[in-house]
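Trainee: Structure file my_file.txt, compact mmCIF, C-alpha atoms and all ligand atoms, is pasted below:
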# COMPACT_ATOMS: atom_id res chain seq x y z
CA ILE A 232 0.00 0.00 0.00
CA LYS A 233 1.39 3.39 -0.96
CA LEU A 234 0.71 6.04 1.60
CA ARG A 235 1.39 9.66 0.87
CA ASN A 236 3.03 11.85 3.47
CA THR A 237 -0.19 12.40 5.38
CA PRO A 238 -0.94 12.20 9.12
CA MET A 239 -2.67 8.87 8.27
CA LYS A 240 0.71 7.46 7.23
CA TYR A 241 2.09 8.16 10.71
CA VAL A 242 -0.95 6.64 12.37
CA CYS A 243 -0.44 3.43 10.32
CA LEU A 244 3.29 3.38 11.13
CA PHE A 245 2.54 3.74 14.83
CA VAL A 246 0.00 0.88 14.71
CA VAL A 247 2.50 -1.38 12.91
CA LEU A 248 5.28 -0.58 15.42
CA TRP A 249 2.95 -1.03 18.35
CA LEU A 250 1.77 -4.43 17.11
CA GLY A 251 5.39 -5.45 16.51
CA ALA A 252 6.40 -4.45 20.01
CA GLY A 253 3.50 -6.45 21.39
CA ARG A 254 4.66 -9.54 19.50
CA LEU A 255 8.20 -9.13 20.76
CA ALA A 256 7.00 -8.78 24.33
CA ALA A 257 4.88 -11.92 23.97
CA GLN A 258 7.80 -13.88 22.58
CA SER A 259 10.02 -12.97 25.49
CA GLY A 260 7.67 -14.92 27.77
CA TYR A 261 7.24 -18.66 27.46
CA GLN A 262 4.72 -19.71 24.85
CA PRO A 263 4.22 -23.47 24.79
CA ALA A 264 4.55 -24.88 21.27
CA PRO A 265 1.54 -26.65 19.74
CA GLU A 266 3.32 -30.01 20.33
CA ASN A 267 3.69 -29.05 23.97
CA LEU A 268 0.01 -28.28 24.33
CA ARG A 269 -0.79 -31.63 22.74
CA SER A 270 1.61 -33.35 25.17
CA ARG A 271 -0.15 -31.67 28.07
CA GLU A 272 -3.47 -33.09 26.93
CA ALA A 273 -2.00 -36.56 26.41
CA PHE A 274 -0.32 -36.33 29.81
CA GLN A 275 -3.62 -35.51 31.49
CA ASP A 276 -5.45 -38.18 29.55
CA SER A 277 -3.03 -40.83 30.75
CA ARG A 278 -3.65 -40.15 34.47
CA PHE A 279 -1.43 -42.94 35.84
CA GLY A 280 2.34 -43.32 35.73
CA MET A 281 5.14 -45.25 37.40
CA PHE A 282 7.85 -43.43 39.34
CA ILE A 283 11.12 -45.35 39.63
CA HIS A 284 13.70 -44.38 42.22
CA TRP A 285 16.77 -46.43 41.50
CA GLY A 286 20.45 -45.84 42.08
CA ILE A 287 23.51 -47.28 43.78
CA TYR A 288 21.87 -46.31 47.09
CA SER A 289 19.59 -49.32 46.62
CA MET A 290 22.58 -51.42 47.80
CA LEU A 291 22.34 -49.83 51.23
CA GLY A 292 18.65 -50.75 51.45
CA ASP A 293 17.89 -47.57 53.32
CA GLY A 294 16.26 -45.24 50.84
CA GLU A 295 17.77 -42.69 48.46
CA TRP A 296 18.74 -40.27 51.23
CA ALA A 297 21.08 -42.73 53.02
CA MET A 298 24.21 -40.83 52.01
CA THR A 299 23.24 -37.60 53.65
CA ASN A 300 21.14 -39.07 56.46
CA LYS A 301 24.16 -41.04 57.63
CA ASN A 302 26.72 -38.37 56.74
CA ILE A 303 28.59 -40.78 54.49
CA ASP A 304 31.69 -39.29 52.90
CA CYS A 305 30.99 -39.01 49.17
CA ARG A 306 34.29 -40.75 48.32
CA GLU A 307 33.36 -43.75 50.47
CA TYR A 308 29.84 -43.75 49.08
CA ALA A 309 31.21 -43.79 45.52
CA LYS A 310 32.73 -47.22 46.24
CA LEU A 311 29.23 -48.66 46.09
CA ALA A 312 29.44 -48.23 42.33
CA GLY A 313 32.29 -50.74 42.14
CA GLY A 314 29.99 -53.46 43.43
CA PHE A 315 26.81 -52.52 41.58
CA TYR A 316 25.80 -55.40 39.37
CA PRO A 317 21.99 -55.63 39.07
CA SER A 318 22.00 -59.10 37.59
CA LYS A 319 18.22 -59.32 37.33
CA PHE A 320 17.58 -55.97 35.69
CA ASP A 321 15.16 -56.46 32.84
CA ALA A 322 13.74 -53.33 31.20
CA LYS A 323 11.08 -55.43 29.51
CA ALA A 324 9.81 -56.72 32.85
CA TRP A 325 9.68 -53.21 34.32
CA VAL A 326 7.71 -51.82 31.40
CA GLN A 327 5.43 -54.84 31.50
CA ALA A 328 4.79 -54.28 35.21
CA ALA A 329 3.82 -50.68 34.50
CA LYS A 330 1.53 -51.74 31.68
CA ASP A 331 -0.06 -54.48 33.75
CA ALA A 332 -0.91 -51.84 36.34
CA GLY A 333 -2.58 -49.70 33.69
CA MET A 334 0.15 -47.08 33.82
CA LYS A 335 0.81 -45.04 30.71
CA TYR A 336 4.23 -43.57 31.44
CA ILE A 337 7.36 -44.13 33.48
CA CYS A 338 9.48 -41.49 35.20
CA ILE A 339 12.94 -42.75 36.16
CA THR A 340 15.63 -41.11 38.27
CA SER A 341 18.32 -40.41 35.69
CA ARG A 342 20.41 -38.82 38.44
CA HIS A 343 19.34 -38.36 42.06
CA HIS A 344 20.77 -36.18 44.80
CA ASP A 345 23.74 -38.53 45.36
CA GLY A 346 25.04 -37.31 42.00
CA PHE A 347 25.38 -40.73 40.42
CA SER A 348 24.15 -40.84 36.81
CA MET A 349 22.17 -43.92 35.88
CA PHE A 350 22.92 -43.28 32.22
CA GLY A 351 26.10 -43.18 30.16
CA THR A 352 27.13 -39.54 30.26
CA ARG A 353 30.21 -37.95 28.73
CA TYR A 354 30.23 -35.23 31.36
CA SER A 355 31.08 -37.30 34.43
CA ASP A 356 32.63 -40.73 34.81
CA TYR A 357 30.53 -41.23 37.94
CA ASN A 358 27.92 -43.09 35.95
CA ILE A 359 26.54 -46.60 35.59
CA VAL A 360 28.39 -47.38 32.36
CA GLU A 361 31.85 -46.32 33.47
CA ALA A 362 31.85 -46.73 37.25
CA THR A 363 30.15 -50.10 37.70
CA PRO A 364 31.07 -53.63 36.63
CA TYR A 365 27.58 -53.83 35.13
CA GLY A 366 28.54 -51.31 32.47
CA ARG A 367 25.10 -51.08 30.87
CA ASP A 368 23.10 -47.92 30.26
CA VAL A 369 19.87 -48.94 31.97
CA VAL A 370 18.16 -45.70 30.99
CA ARG A 371 18.87 -46.41 27.33
CA GLU A 372 17.52 -49.95 27.70
CA LEU A 373 14.44 -48.63 29.40
CA ALA A 374 13.92 -45.96 26.72
CA LYS A 375 14.13 -48.60 24.02
CA GLU A 376 11.68 -50.88 25.77
CA CYS A 377 9.25 -48.03 26.48
CA ARG A 378 9.18 -47.16 22.79
CA LYS A 379 8.59 -50.80 21.93
CA GLN A 380 5.73 -51.22 24.37
CA GLY A 381 4.15 -47.79 23.80
CA ILE A 382 4.89 -46.21 27.16
CA ARG A 383 6.10 -42.62 27.44
CA LEU A 384 9.35 -42.02 29.31
CA HIS A 385 10.00 -39.13 31.68
CA PHE A 386 13.30 -38.26 33.32
CA TYR A 387 13.61 -37.29 36.94
CA TYR A 388 16.65 -35.02 37.21
CA SER A 389 18.08 -33.74 40.46
CA LEU A 390 19.21 -30.13 40.57
CA LEU A 391 20.77 -30.89 43.95
CA ASP A 392 24.04 -32.83 44.15
CA TRP A 393 25.71 -34.19 47.30
CA THR A 394 28.95 -35.21 45.58
CA ARG A 395 30.11 -32.57 43.12
CA GLU A 396 32.40 -29.83 44.34
CA ASP A 397 30.95 -27.29 41.95
CA TYR A 398 27.62 -27.65 43.70
CA TYR A 399 28.80 -24.76 45.79
CA PRO A 400 27.87 -23.00 48.02
CA LEU A 401 26.37 -26.10 49.63
CA GLY A 402 22.67 -26.16 50.27
CA THR A 403 20.65 -27.05 53.32
CA THR A 404 21.26 -30.79 52.85
CA GLY A 405 24.34 -32.88 52.13
CA GLN A 406 26.58 -30.82 54.41
CA GLY A 407 28.12 -33.92 55.98
CA THR A 408 29.23 -35.68 52.80
CA GLY A 409 32.83 -34.59 53.13
CA ARG A 410 33.28 -31.97 50.43
CA THR A 411 36.03 -29.53 51.32
CA ALA A 412 37.16 -28.30 47.90
CA HIS A 413 34.86 -25.80 46.27
CA GLY A 414 34.21 -25.53 42.56
CA ASP A 415 32.50 -22.96 40.43
CA TRP A 416 28.70 -22.80 40.37
CA ASN A 417 28.75 -21.87 36.68
CA ASP A 418 30.55 -25.14 35.93
CA TYR A 419 27.76 -26.96 37.68
CA LEU A 420 25.11 -25.17 35.65
CA GLY A 421 27.03 -26.02 32.46
CA PHE A 422 27.29 -29.65 33.55
CA MET A 423 23.55 -29.90 34.05
CA ASN A 424 22.88 -28.25 30.74
CA ASN A 425 25.20 -30.74 29.02
CA GLN A 426 23.62 -33.74 30.70
CA LEU A 427 20.11 -32.59 29.88
CA THR A 428 21.18 -32.08 26.29
CA GLU A 429 22.42 -35.67 26.25
CA LEU A 430 19.15 -36.95 27.69
CA LEU A 431 17.09 -34.99 25.20
CA THR A 432 19.12 -35.88 22.14
CA GLY A 433 20.20 -39.47 22.75
CA TYR A 434 17.21 -41.29 24.19
CA GLY A 435 14.38 -40.67 21.75
CA PRO A 436 11.25 -38.69 22.56
CA VAL A 437 11.14 -37.62 26.19
CA GLY A 438 7.69 -37.08 27.67
CA ALA A 439 8.85 -34.84 30.50
CA VAL A 440 11.77 -33.73 32.61
CA TRP A 441 10.90 -33.83 36.29
CA PHE A 442 13.19 -31.61 38.33
CA ASP A 443 13.76 -31.96 42.03
CA GLY A 444 16.05 -30.46 44.66
CA TRP A 445 15.55 -26.77 43.91
CA TRP A 446 14.38 -26.36 47.48
CA ASP A 447 17.91 -27.20 48.72
CA LYS A 448 19.04 -23.73 47.65
CA ALA A 449 15.92 -21.73 47.07
CA ASP A 450 17.89 -18.50 46.73
CA ALA A 451 20.52 -19.75 44.27
CA ASP A 452 20.77 -18.47 40.72
CA TRP A 453 19.59 -21.67 39.06
CA GLN A 454 19.06 -20.04 35.67
CA LEU A 455 16.06 -22.22 35.16
CA ASP A 456 14.91 -20.09 32.25
CA LYS A 457 17.96 -21.24 30.28
CA ILE A 458 17.57 -24.85 31.33
CA TYR A 459 13.89 -24.87 30.42
CA ALA A 460 14.57 -23.11 27.11
CA THR A 461 17.16 -25.77 26.22
CA ILE A 462 14.65 -28.53 26.87
CA HIS A 463 11.87 -26.86 24.90
CA ARG A 464 14.23 -26.08 22.03
CA LEU A 465 15.51 -29.65 21.79
CA GLN A 466 12.09 -31.25 22.20
CA PRO A 467 9.21 -28.75 22.09
CA GLY A 468 6.76 -31.47 23.09
CA CYS A 469 8.69 -32.36 26.24
CA LEU A 470 6.96 -31.18 29.39
CA VAL A 471 8.87 -29.50 32.18
CA GLY A 472 7.84 -29.97 35.80
CA ASN A 473 9.68 -29.03 38.96
CA ASN A 474 9.02 -30.40 42.40
CA HIS A 475 10.01 -27.15 44.07
CA HIS A 476 6.86 -27.17 46.21
CA ARG A 477 5.96 -23.66 45.02
CA GLU A 478 3.58 -22.13 42.50
CA PRO A 479 4.74 -23.11 39.00
CA PHE A 480 7.53 -20.94 37.59
CA PRO A 481 7.41 -19.55 34.03
CA GLY A 482 8.39 -22.21 31.53
CA GLU A 483 6.87 -25.12 33.45
CA ASP A 484 4.22 -27.27 31.84
CA PHE A 485 2.77 -29.13 34.77
CA GLN A 486 2.58 -28.73 38.53
CA ALA A 487 3.98 -31.36 40.87
CA PHE A 488 2.62 -32.32 44.28
CA GLU A 489 4.43 -34.71 46.58
CA GLN A 490 2.75 -37.22 48.89
CA ASP A 491 -0.43 -35.13 48.83
CA LEU A 492 -3.31 -34.54 46.50
CA PRO A 493 -3.68 -31.04 45.10
CA GLY A 494 -5.21 -28.88 47.79
CA GLN A 495 -3.91 -31.01 50.67
CA ASN A 496 -0.79 -30.58 52.76
CA THR A 497 -0.54 -33.51 55.13
CA ALA A 498 3.12 -34.19 54.24
CA GLY A 499 4.17 -30.57 54.66
CA HIS A 500 5.49 -30.04 51.13
CA SER A 501 2.59 -28.04 49.75
CA ALA A 502 2.26 -25.09 52.12
CA GLY A 503 3.76 -22.81 49.48
CA GLN A 504 1.57 -23.76 46.56
CA THR A 505 -2.02 -23.45 45.50
CA ILE A 506 -3.50 -25.21 42.50
CA SER A 507 -2.57 -23.68 39.16
CA ALA A 508 -4.25 -24.00 35.76
CA LEU A 509 -1.46 -26.30 34.51
CA PRO A 510 -1.86 -30.08 34.34
CA LEU A 511 -1.36 -31.53 37.82
CA GLU A 512 0.52 -34.57 39.05
CA THR A 513 0.75 -36.07 42.52
CA CYS A 514 3.60 -38.43 43.25
CA ALA A 515 3.38 -40.93 46.07
CA THR A 516 5.23 -43.85 47.58
CA MET A 517 3.69 -47.31 47.85
CA ASN A 518 5.28 -47.82 51.24
CA GLY A 519 7.06 -45.03 53.09
CA THR A 520 10.24 -44.70 51.02
CA TRP A 521 11.16 -43.77 47.44
CA GLY A 522 14.42 -45.68 47.05
CA TYR A 523 14.57 -49.34 48.08
CA SER A 524 14.30 -49.93 51.80
CA ILE A 525 15.03 -53.35 53.17
CA THR A 526 12.96 -52.77 56.31
CA ASP A 527 9.99 -50.76 55.11
CA ARG A 528 7.05 -53.17 54.81
CA ASN A 529 4.52 -50.46 55.40
CA TYR A 530 2.80 -50.89 52.04
CA LYS A 531 -0.52 -49.27 51.24
CA SER A 532 -3.33 -51.69 50.54
CA VAL A 533 -4.65 -52.20 47.02
CA ALA A 534 -7.85 -50.39 48.00
CA ALA A 535 -5.85 -47.44 49.33
CA LEU A 536 -3.86 -47.25 46.09
CA ILE A 537 -7.01 -47.32 43.98
CA HIS A 538 -8.50 -44.62 46.17
CA LEU A 539 -5.36 -42.54 45.70
CA LEU A 540 -5.56 -42.84 41.94
CA VAL A 541 -9.27 -42.06 41.80
CA ASN A 542 -8.92 -39.21 44.30
CA ALA A 543 -6.21 -37.72 42.11
CA ALA A 544 -8.31 -38.02 38.94
CA GLY A 545 -11.26 -36.43 40.74
CA ARG A 546 -9.00 -33.47 41.53
CA ASN A 547 -7.84 -33.27 37.93
CA ALA A 548 -4.45 -34.77 38.72
CA ASN A 549 -2.33 -37.68 37.56
CA LEU A 550 -0.91 -40.17 40.02
CA LEU A 551 2.78 -41.00 39.70
CA LEU A 552 3.12 -44.07 41.89
CA ASN A 553 6.59 -45.04 43.03
CA VAL A 554 8.53 -48.29 43.04
CA GLY A 555 12.05 -48.65 44.43
CA PRO A 556 13.84 -51.50 42.65
CA GLN A 557 16.22 -53.68 44.66
CA PRO A 558 19.98 -53.74 44.08
CA ASP A 559 19.52 -56.83 41.91
CA GLY A 560 17.33 -54.79 39.57
CA GLU A 561 13.99 -56.34 40.42
CA ILE A 562 10.96 -54.40 41.56
CA PRO A 563 10.03 -55.65 45.05
CA GLN A 564 7.44 -58.41 45.00
CA ALA A 565 5.12 -56.51 47.34
CA SER A 566 4.99 -53.68 44.80
CA LEU A 567 4.45 -56.00 41.84
CA GLU A 568 1.52 -57.72 43.55
CA ARG A 569 -0.17 -54.38 44.21
CA LEU A 570 0.49 -53.14 40.70
CA ARG A 571 -1.17 -56.23 39.26
CA GLU A 572 -4.25 -55.79 41.47
CA VAL A 573 -4.60 -52.12 40.62
CA GLY A 574 -4.26 -53.11 36.97
CA ARG A 575 -7.03 -55.63 37.32
CA TRP A 576 -9.32 -52.94 38.69
CA MET A 577 -8.28 -50.56 35.90
CA LYS A 578 -9.25 -53.12 33.28
CA THR A 579 -12.86 -52.67 34.34
CA TYR A 580 -12.89 -49.07 35.49
CA GLY A 581 -10.08 -47.47 33.47
CA GLU A 582 -12.62 -45.75 31.25
CA THR A 583 -13.76 -43.69 34.23
CA VAL A 584 -10.20 -42.52 34.87
CA TYR A 585 -8.27 -42.27 31.56
CA GLY A 586 -9.10 -39.31 29.40
CA THR A 587 -11.27 -37.78 32.11
CA ARG A 588 -11.11 -34.43 33.82
CA ALA A 589 -12.38 -33.58 37.30
CA GLY A 590 -16.15 -33.73 37.38
CA GLU A 591 -18.32 -30.78 38.35
CA ILE A 592 -19.30 -32.40 41.66
CA ALA A 593 -16.58 -31.29 44.05
CA PRO A 594 -14.70 -33.97 46.03
CA GLY A 595 -16.15 -34.79 49.43
CA ALA A 596 -15.83 -37.34 52.22
CA TRP A 597 -17.97 -39.68 50.08
CA GLY A 598 -15.58 -39.64 47.09
CA VAL A 599 -15.00 -37.75 43.83
CA SER A 600 -16.39 -37.31 40.34
CA THR A 601 -14.71 -37.48 36.96
CA ARG A 602 -16.20 -36.57 33.61
CA LYS A 603 -15.87 -37.26 29.94
CA GLY A 604 -18.25 -35.27 27.75
CA ASP A 605 -21.81 -35.92 28.90
CA ARG A 606 -20.75 -38.79 31.13
CA LEU A 607 -20.25 -37.94 34.75
CA PHE A 608 -18.70 -40.71 36.84
CA VAL A 609 -19.51 -40.62 40.52
CA HIS A 610 -16.87 -42.58 42.44
CA VAL A 611 -18.30 -43.50 45.82
CA LEU A 612 -15.29 -44.29 47.97
CA ARG A 613 -16.94 -44.09 51.37
CA ARG A 614 -20.53 -45.09 52.05
CA ASP A 615 -22.56 -43.41 54.71
CA GLY A 616 -26.05 -44.85 54.37
CA ASP A 617 -27.99 -45.76 51.25
CA THR A 618 -28.75 -42.29 49.98
CA LEU A 619 -26.11 -40.05 48.53
CA SER A 620 -27.10 -36.46 47.84
CA LEU A 621 -24.72 -34.48 45.70
CA PRO A 622 -24.72 -30.87 44.57
CA LEU A 623 -25.21 -30.57 40.83
CA THR A 624 -26.01 -27.43 38.94
CA GLY A 625 -26.33 -26.56 35.30
CA GLY A 626 -27.23 -29.98 33.95
CA VAL A 627 -30.13 -32.34 33.53
CA VAL A 628 -29.54 -35.90 34.68
CA ARG A 629 -30.99 -38.25 32.10
CA SER A 630 -29.95 -41.59 33.55
CA ALA A 631 -27.87 -43.21 36.30
CA VAL A 632 -26.37 -46.68 36.00
CA ARG A 633 -23.75 -48.74 37.77
CA PHE A 634 -20.73 -48.45 35.52
CA ALA A 635 -19.69 -52.09 35.76
CA ASP A 636 -22.96 -53.83 34.82
CA ARG A 637 -25.14 -50.96 33.54
CA ALA A 638 -27.80 -51.76 36.18
CA GLU A 639 -30.05 -48.76 36.75
CA VAL A 640 -29.51 -46.74 39.89
CA PRO A 641 -32.68 -45.02 41.14
CA PHE A 642 -32.20 -41.27 41.46
CA SER A 643 -34.15 -38.12 42.10
CA VAL A 644 -33.31 -34.55 41.32
CA ALA A 645 -33.99 -31.34 43.16
CA THR A 646 -32.88 -27.83 42.37
CA ASP A 647 -29.10 -27.91 42.37
CA SER A 648 -28.75 -31.50 43.57
CA VAL A 649 -29.13 -35.14 42.67
CA SER A 650 -29.82 -37.99 45.09
CA LEU A 651 -28.70 -41.50 44.35
CA ASP A 652 -30.27 -44.57 45.91
CA LEU A 653 -27.36 -46.89 46.64
CA SER A 654 -29.38 -49.59 48.39
CA GLY A 655 -28.89 -52.07 45.53
CA ILE A 656 -25.11 -51.67 45.56
CA PRO A 657 -22.88 -53.66 47.94
CA ALA A 658 -21.43 -51.37 50.57
CA ASP A 659 -18.01 -53.00 50.58
CA GLU A 660 -16.92 -52.22 47.03
CA ILE A 661 -13.55 -50.48 46.72
CA ASP A 662 -15.14 -47.84 44.52
CA SER A 663 -18.81 -47.89 43.50
CA VAL A 664 -18.80 -46.12 40.17
CA ILE A 665 -22.10 -44.69 39.05
CA GLU A 666 -22.35 -43.18 35.62
CA LEU A 667 -24.71 -40.27 35.18
CA SER A 668 -25.67 -39.08 31.77
CA VAL A 669 -25.91 -35.32 32.05
CA ARG A 670 -27.22 -32.95 29.42
CA ARG A 671 -25.56 -29.61 29.99
O1 LIG A 701 14.42 -35.52 48.13
C1 LIG A 701 13.55 -36.03 47.19
C2 LIG A 701 13.18 -37.44 47.48
O2 LIG A 701 14.31 -38.22 47.58
C3 LIG A 701 12.30 -37.96 46.39
O3 LIG A 701 12.95 -37.99 45.17
C4 LIG A 701 11.06 -37.10 46.30
C5 LIG A 701 10.11 -37.46 45.20
O4 LIG A 701 9.12 -36.52 45.10
N1 LIG A 701 11.40 -35.70 46.11
C6 LIG A 701 12.36 -35.13 47.01
C7 LIG A 701 11.80 -34.56 48.23
O5 LIG A 701 10.96 -33.48 47.92
Would you mind writing the file's structure down as C-alpha cells?
Ligand code: FHN
Mentor:
Amino acid sequence: IKLRNTPMKYVCLFVVLWLGAGRLAAQSGYQPAPENLRSREAFQDSRFGMFIHWGIYSMLGDGEWAMTNKNIDCREYAKLAGGFYPSKFDAKAWVQAAKDAGMKYICITSRHHDGFSMFGTRYSDYNIVEATPYGRDVVRELAKECRKQGIRLHFYYSLLDWTREDYYPLGTTGQGTGRTAHGDWNDYLGFMNNQLTELLTGYGPVGAVWFDGWWDKADADWQLDKIYATIHRLQPGCLVGNNHHREPFPGEDFQAFEQDLPGQNTAGHSAGQTISALPLETCATMNGTWGYSITDRNYKSVAALIHLLVNAAGRNANLLLNVGPQPDGEIPQASLERLREVGRWMKTYGETVYGTRAGEIAPGAWGVSTRKGDRLFVHVLRRDGDTLSLPLTGGVVRSAVRFADRAEVPFSVATDSVSLDLSGIPADEIDSVIELSVRR
C-alpha cells in the first residue's frame, strides 16, 4: 500500500510498530509450542504413571537419602558403584509391570541427589556405564523398551548434588558428605545443561523432565529459564515440571505435588503452593520410602492405592506411583503384587479414569467425580447410608447406571442436587462407580 506523506501514514506506522512491540513482548515470555500443548493433553489423559527411584543407594537398602542421612563421605559412598551389578535388571519386565498396572508412562531417576548418573554420560565418569562392573546404560535400555511397548518415558533429574564440588555453596542438605574443595557454580550449571542435552538428544522422545532439589538452595541463581529453554528447544513437546513445592515458575508445563493430593498438605510439602491452571501430578510412595528400603514393609493396601488414583483423577491430577527396585534390579514383590491388582481394577474401570477431567461435583468425604463429555462418573469411595445427595447445577440428569454392569440406579433430582439410591449396591466395594448421563 502506498501512503502519501499524510498524518494517516504516521498513524499506520505507529499501529505497525505497536503491534510489533506487542509480538516481541509476547515472545520474550514462554509460549508453549503446539506439540507441547498436545503433550499436556496426552499427559492428562493418561492419568497414571510409574515413578522409579533407582540408584547405587539401593545397595544400602535404606532409601535414596542414606548418604546424607548417615553423613557418608561421598568418596566412600562412591565405592558402592564398584559393586553394583543388578544381575536381574530387565527393562522389559519393568515396562510390562507398568503396563499391567494400567500405567501409561514411566518417570525414572536419571540422576538423584547422590550425583550418580544412571545413564552413560560424557560429562562425568561417575555413571553406571563407566563406574560399575555392570557397564550397561539402563536408561537407554528402558527408553528402548518403552518405545517398543508404547509407554512414554520421563526423566527425573536432580538439581541438587551431594557429591560434586561445583555444587557450591552447599545447600541445606548434604553438608556432611565430606566436600572440602569448592568448585565454580557456573561449571555446575554447564554440567547440568550438558547432561540434559544428552538426555534430550540421545534417548528418543522424552515425555517430561521432572526436576527436584531446587528447594535445597531456594535463593541460588539456578538459571532455570535457560535450562527450560534448552529442553523446549531440543524437544518442544517435552513437558517440564519441577518439584520445588511452590507455585509453578514460568516455563513449566505441569505442577507437581508430593505425597499429597492437590489442595492437601498432610506431608508438609505443599504449604507454598495453591492449585494452578497447569496439568497436575501427585507423586506418592507405595510404602514409606522412594528408594529401596530393606525394612519398610509399610505398604498401602490395594484399596488405598485405587482410592489414591481415583482421588487424584477427581482433583484433575495424575498419580505418579513409586517403586524402588532392589539392588539386583527387580521391583520388590510386594509392589508387583499391588500393581497387578490395581491393573485388574483398571481393566474394568479405566474408562472412568483415563481421558477424564475432574467432574463438576466437588470432592467430598464420600468420594469424587470425573467426567468425559456428557458422562459424569460418581466414584463412591466411602458409604454413609444408602442415599447419597450431591450438589449438581447446570445440567439435567438423564440416567444413572452402575458403571460395571449398567444396572439402573434409582435417582431423584432437586434444584441444584441429585440424590442416588445406593441400596442395591454392595457397601463394601472399593469404589462404587455410578455413571450419570448429564445434558448440559
Ligand atoms: O528428596 C527427594 C526425594 O528423595 C524424592 O525424590 C522425592 C520425590 O518426590 N522428592 C524429594 C523430596 O521433595
Trainee: Rank A:His413, A:Arg571, A:Lys335, A:Arg477 by their smallest atom-to-atom distance to Leu536 (chain A), using all atoms listed in the file, and report the top residue only.
Mentor: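 Answer, going by the shortest atom-to-atom distance: A:Arg571.
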Trainee: Using only C-alpha atoms and all ligand atoms, find the one residue out of A:Val573, A:Ala631, A:Leu552, A:Ala658 that sits nearest to ligand LIG 701 (chain A).
Mentor: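 Between A:Val573, A:Ala631, A:Leu552, A:Ala658, the residue approaching ligand LIG 701 (chain A) most closely is A:Leu552.
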Trainee: Give me, as a ChimeraX atom specification, all polymer residues having an atom no more than 6 Å from Met349 (chain A), counting only C-alpha atoms and skipping those fewer than 6 positions away in the same chain.
Mentor: /A:341-342,358-359
Trainee: Got a sec to check which residues lie within 9 Å of ligand LIG 701 (chain A), using only C-alpha atoms and all ligand atoms, and send them as a ChimeraX atom specification?
Mentor: /A:282,284,294-296,340,343-344,387,389,391,442-444,446,474-476,487-490,500,513-516,520-522,553
Trainee: Can you write out the residues you just picked, keeping C-alpha atoms, as a CSV table (one decimal), in the coordinates of the input?
Mentor:
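So selection38.csv came out as:
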chain,number,residue,atom,x,y,z
A,282,PHE,CA,7.8,-43.4,39.3
A,284,HIS,CA,13.7,-44.4,42.2
A,294,GLY,CA,16.3,-45.2,50.8
A,295,GLU,CA,17.8,-42.7,48.5
A,296,TRP,CA,18.7,-40.3,51.2
A,340,THR,CA,15.6,-41.1,38.3
A,343,HIS,CA,19.3,-38.4,42.1
A,344,HIS,CA,20.8,-36.2,44.8
A,387,TYR,CA,13.6,-37.3,36.9
A,389,SER,CA,18.1,-33.7,40.5
A,391,LEU,CA,20.8,-30.9,44.0
A,442,PHE,CA,13.2,-31.6,38.3
A,443,ASP,CA,13.8,-32.0,42.0
A,444,GLY,CA,16.0,-30.5,44.7
A,446,TRP,CA,14.4,-26.4,47.5
A,474,ASN,CA,9.0,-30.4,42.4
A,475,HIS,CA,10.0,-27.2,44.1
A,476,HIS,CA,6.9,-27.2,46.2
A,487,ALA,CA,4.0,-31.4,40.9
A,488,PHE,CA,2.6,-32.3,44.3
A,489,GLU,CA,4.4,-34.7,46.6
A,490,GLN,CA,2.8,-37.2,48.9
A,500,HIS,CA,5.5,-30.0,51.1
A,513,THR,CA,0.8,-36.1,42.5
A,514,CYS,CA,3.6,-38.4,43.2
A,515,ALA,CA,3.4,-40.9,46.1
A,516,THR,CA,5.2,-43.8,47.6
A,520,THR,CA,10.2,-44.7,51.0
A,521,TRP,CA,11.2,-43.8,47.4
A,522,GLY,CA,14.4,-45.7,47.0
A,553,ASN,CA,6.6,-45.0,43.0
Trainee: Pick the closest to Gln486 (chain A) from A:Leu420, A:Ala589, A:Leu539, A:Ala508: which is it, counting all atoms listed in the file?
Mentor: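 Counting all atoms listed in the file, the residue closest to Gln486 (chain A) is A:Ala508.
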Trainee: Of the candidates A:Ile665, A:Leu509, A:Met334, A:Leu384, which one gets nearest to Val640 (chain A) if we count only C-alpha atoms?
Mentor: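 Closest to Val640 (chain A), using only C-alpha atoms: A:Ile665.
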